[in-house]
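A short worksheet on the structure shown next.
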Amino acid sequence: MSFTQTTTIVEPERASQQLHHSTGENGAAQGAVSTIAADGLRFGQIPTFENLLQKRQWQLEHMAGAFRVFARKGYTEATSGHISVRDPVHPNTFWINPLGYHFGMLKASDMVHVDEEGNAIGGNKAAVNVAGFMIHSSIHKARPDVHAACHTHSVYGKAWSTFGKPLDIINQDACSFWNNHVVYKNFGGMVLEKEEGERIAEALGPNANAAILQNHGLLTVGSTVDEAAALYTLFERACQVQILAESTGLEKVLVSDEEAEYTRKAAIDPEALYADFQPDLNYEIYKSKGELLK
């Protein structure tokens with residue numbers, strides 16, 4: 001296992017000035033701020049793997065950790081909700097959680113490996129959520145850059161989705177979603193048909209990493225499950241803060257486009273979101289005494 005390491009310190013410039021970036025494993029520009037640490041020490045960088053089977057296991061462990069985090073944050077609702085991860089060995093297939101397992105009990109070995117037709121081809125031979133398969137398979141087909149996707153019926157995301165409106169950029173965390181989220185306005189009921197999954201993927205488009213599914217909930221995607229999960233927790237909290245702000249009836253002061261763009265570039269990229277997720281992940285590993293890794 002080898003690790004890509006970069007350390008660059010950026011002085012706080014104005015939004016109109018150019019940010020310096022390093023390039024990570026997936027070739028995307030990485031915000032330099034994401035790797036700043038005292039004394040040049042590195043934190044939370046995405047590892048690279050020569051052995052794809054090792055990468056698969058690493059992904060499944062982090063996937064299980066993401067579910068445990070979601071359980072602790074209250075994103076569970078009966079059998080609803082799912083996370084998927086593209087398989088590194090066979091990229092036209094992906095892993096998804098089994099139907100009927102509580103998020104807070106999932107382990108790496110519980111995940112189900114499915115093909116493009118929804119057949120279980122490896123891992124835990126268990127049933128999967130049909131709606132989950134329809135949504136996630138369509139996204140993985142439409143977006144080769146997406147390696148993980150998260151969707152649950154979390155309370156504040158579901159509440160905000162009833163308005164069919166994008167979030168306002170009202171604070172620093174909301175800047176994560178500046179020009180980076182869409183609203184899917186066609187609630188077609190439970191996603192049991194292939195076409196509905198395809199329409200959701202189409203609404204997400206080629207670049208957005210987050211979607212508000214009207215009258216339904218939230219969806220995020222990323223190049224790692226850590227990125228997608230970290231973005232989901234930010235998205236849910238942004239919806240909560242928006243609802244609280246709206247409830248006051250006071251006029252909101254929005255972050256300017258210039259400052260929102262600067263903040264997003266400086267702090268929200270695959271490396272930064274990966275790093276942001278590590279404290280939550282490590283806490284779940286600690287709480288489970290390593291059980292979730294099995």
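For the structure tokens, the naming scheme is as follows: chains receive sequential letters (A, B, ...) according to their order of presentation, residues are indexed from 1 within each chain, and ligands are indexed from 1 in presentation order.
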If we count only C-alpha atoms, what is near stretch 196-209 of chain A at a cut-off of 7 Å, once residues fewer than 4 positions away on the same chain are taken out, given as a VMD selection string?
chain A and resid 134 to 135 138 to 139 142 to 143 180 to 182 184 188 191 220 to 222
Since we have the selection now, will you write its residues out, keeping N, CA, C and O atoms, as a short mmCIF file (atom, residue, chain, number, x, y, z; two decimals), in the first residue's frame?
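again03.cif, written as the output of this step:
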data_model
loop_
_atom_site.label_atom_id
_atom_site.label_comp_id
_atom_site.auth_asym_id
_atom_site.auth_seq_id
_atom_site.Cartn_x
_atom_site.Cartn_y
_atom_site.Cartn_z
N MET A 134 -32.07 0.60 -8.41
CA MET A 134 -32.46 1.41 -9.56
C MET A 134 -31.76 2.77 -9.57
O MET A 134 -31.28 3.23 -10.61
N ILE A 135 -31.70 3.40 -8.41
CA ILE A 135 -31.05 4.71 -8.33
C ILE A 135 -29.55 4.59 -8.53
O ILE A 135 -28.95 5.28 -9.36
N SER A 138 -28.14 3.40 -12.04
CA SER A 138 -28.24 4.45 -13.05
C SER A 138 -27.15 5.49 -12.88
O SER A 138 -26.57 5.97 -13.87
N ILE A 139 -26.86 5.84 -11.64
CA ILE A 139 -25.82 6.84 -11.38
C ILE A 139 -24.45 6.30 -11.76
O ILE A 139 -23.65 6.99 -12.41
N ALA A 142 -24.15 6.36 -15.54
CA ALA A 142 -24.11 7.70 -16.15
C ALA A 142 -22.86 8.49 -15.79
O ALA A 142 -22.43 9.35 -16.55
N ARG A 143 -22.27 8.20 -14.62
CA ARG A 143 -21.15 8.99 -14.12
C ARG A 143 -19.95 8.11 -13.82
O ARG A 143 -19.79 7.62 -12.69
N ASN A 180 -23.18 23.25 -6.98
CA ASN A 180 -22.78 21.85 -6.83
C ASN A 180 -23.94 20.97 -6.39
O ASN A 180 -23.74 19.85 -5.96
N HIS A 181 -25.18 21.50 -6.48
CA HIS A 181 -26.33 20.65 -6.18
C HIS A 181 -27.50 21.03 -7.08
O HIS A 181 -27.59 22.14 -7.59
N VAL A 182 -28.35 20.04 -7.29
CA VAL A 182 -29.50 20.21 -8.17
C VAL A 182 -30.76 19.78 -7.41
O VAL A 182 -30.68 19.16 -6.36
N TYR A 184 -34.18 17.60 -8.12
CA TYR A 184 -34.94 16.71 -8.99
C TYR A 184 -36.40 16.88 -8.63
O TYR A 184 -36.85 16.49 -7.56
N GLY A 188 -41.69 10.62 -8.61
CA GLY A 188 -42.43 9.58 -9.31
C GLY A 188 -42.84 8.43 -8.42
O GLY A 188 -43.07 7.32 -8.90
N VAL A 191 -39.01 4.44 -6.19
CA VAL A 191 -38.24 4.21 -7.42
C VAL A 191 -38.14 2.71 -7.68
O VAL A 191 -37.18 2.05 -7.28
N THR A 220 -26.01 12.14 -2.45
CA THR A 220 -24.67 12.68 -2.72
C THR A 220 -23.81 11.62 -3.39
O THR A 220 -24.04 10.42 -3.23
N VAL A 221 -22.81 12.07 -4.12
CA VAL A 221 -21.88 11.16 -4.79
C VAL A 221 -20.45 11.66 -4.57
O VAL A 221 -20.23 12.82 -4.23
N GLY A 222 -19.48 10.76 -4.80
CA GLY A 222 -18.09 11.14 -4.65
C GLY A 222 -17.16 10.13 -5.26
O GLY A 222 -17.57 9.07 -5.71
#
Backbone DSSP call of strand (DSSP E or B) for stretch 48-260 of chain A, listed as a PyMOL selection string
chain A and resi 48+77+80+82-86+94-96+98+112-114+120-123+128+148-152+181-184+210-213+217-222
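Comparing the minimum interatomic distances between A:Gly104 and each of A:Ala66, A:Ala272, A:Ala210, A:Ala131, counting only C-alpha atoms, we find that A:Ala66 sits nearest.
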Provide the atom CA of A:Tyr283 to atom CA of A:Cys150 distance in Å, to one decimal place.
19.8 Å
Would you give me, as a PyMOL selection string, the residues in stretch 137-283 of chain A that DSSP reads as helix (DSSP H, G or I)?
chain A and resi 137-142+155-161+173-177+194-204+225-248+257-267+270-283
Considering only C-alpha atoms, tabulate each residue of stretch 153-180 of chain A that lies at most 7 Å from stretch 226-237 of chain A along with its nearest interatomic pair and the corresponding distance in Å to one decimal; arrange the rows by chain and ascending residue number and present them as JSON lines.
{"residue": "A:Tyr156", "atom": "CA", "partner": "A:Glu236", "partner_atom": "CA", "distance": 6.1}
{"residue": "A:Gly157", "atom": "CA", "partner": "A:Glu236", "partner_atom": "CA", "distance": 5.3}
{"residue": "A:Asp173", "atom": "CA", "partner": "A:Leu234", "partner_atom": "CA", "distance": 6.9}
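Minimum atom-to-atom distances from A:His216, A:Lys107, A:Phe133, A:Val128 to A:Ala159 were compared using only C-alpha atoms, and the lowest value belongs to A:His216.
Of the residues under consideration (A:Gly164, A:Pro47, A:Gly290, A:Pro91), A:Gly290 shows the shortest atom-to-atom contact distance to A:Ala108 when counting only C-alpha atoms.
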With only C-alpha atoms as the counted atoms, please give the residues lying no more than 12 Å from A:Arg68, apart from itself and same-chain residues fewer than 5 positions off, as a PyMOL selection string.
chain A and resi 61-63+73-76+83+101-108+229+280-288+290-293
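Counting only C-alpha atoms, A:Phe163 has the following residues at most 12 Å away, ignoring those fewer than 6 positions along the same chain: Tyr156, Gly157, Val183, Tyr184, Lys185, Ile212, Leu213, Gln214, Asn215, His216, Gly217, Cys239, Gln242, Ile243 and Glu246 of chain A.
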Only N, CA and C atoms, please: the residues just picked out, written as a CSV table (one decimal), in the first residue's frame.
chain,number,residue,atom,x,y,z
A,156,TYR,N,-34.1,16.2,8.1
A,156,TYR,CA,-34.1,17.6,7.6
A,156,TYR,C,-34.0,17.7,6.0
A,157,GLY,N,-33.3,16.7,5.4
A,157,GLY,CA,-33.2,16.7,4.0
A,157,GLY,C,-34.6,16.4,3.4
A,183,VAL,N,-31.9,20.1,-8.0
A,183,VAL,CA,-33.2,19.7,-7.4
A,183,VAL,C,-33.9,18.8,-8.5
A,184,TYR,N,-34.2,17.6,-8.1
A,184,TYR,CA,-34.9,16.7,-9.0
A,184,TYR,C,-36.4,16.9,-8.6
A,185,LYS,N,-37.2,17.5,-9.5
A,185,LYS,CA,-38.5,17.9,-9.2
A,185,LYS,C,-39.6,16.9,-9.5
A,212,ILE,N,-31.2,17.3,-4.3
A,212,ILE,CA,-32.4,17.2,-3.5
A,212,ILE,C,-33.5,16.6,-4.3
A,213,LEU,N,-33.9,15.4,-3.9
A,213,LEU,CA,-35.0,14.7,-4.6
A,213,LEU,C,-36.3,15.2,-4.0
A,214,GLN,N,-37.1,16.0,-4.7
A,214,GLN,CA,-38.3,16.6,-4.2
A,214,GLN,C,-39.2,15.6,-3.6
A,215,ASN,N,-39.7,15.9,-2.4
A,215,ASN,CA,-40.7,15.1,-1.6
A,215,ASN,C,-40.1,13.7,-1.3
A,216,HIS,N,-38.8,13.6,-1.2
A,216,HIS,CA,-38.1,12.3,-1.1
A,216,HIS,C,-36.9,12.4,-0.1
A,217,GLY,N,-35.9,13.1,-0.5
A,217,GLY,CA,-34.7,13.1,0.4
A,217,GLY,C,-33.5,13.6,-0.3
A,239,CYS,N,-29.4,21.6,5.3
A,239,CYS,CA,-30.9,21.6,5.3
A,239,CYS,C,-31.5,22.0,6.6
A,242,GLN,N,-30.9,25.7,7.2
A,242,GLN,CA,-31.7,26.5,6.4
A,242,GLN,C,-33.2,26.5,7.0
A,243,ILE,N,-33.7,25.4,7.4
A,243,ILE,CA,-35.0,25.4,8.0
A,243,ILE,C,-35.1,26.2,9.3
A,246,GLU,N,-35.1,29.8,8.2
A,246,GLU,CA,-36.4,30.2,7.6
A,246,GLU,C,-37.4,30.4,8.7
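Here the question is which of A:Thr152, A:Asn179, A:Ile46, A:Val146 gets nearest to A:Leu167 using only C-alpha atoms, and that residue is A:Asn179.
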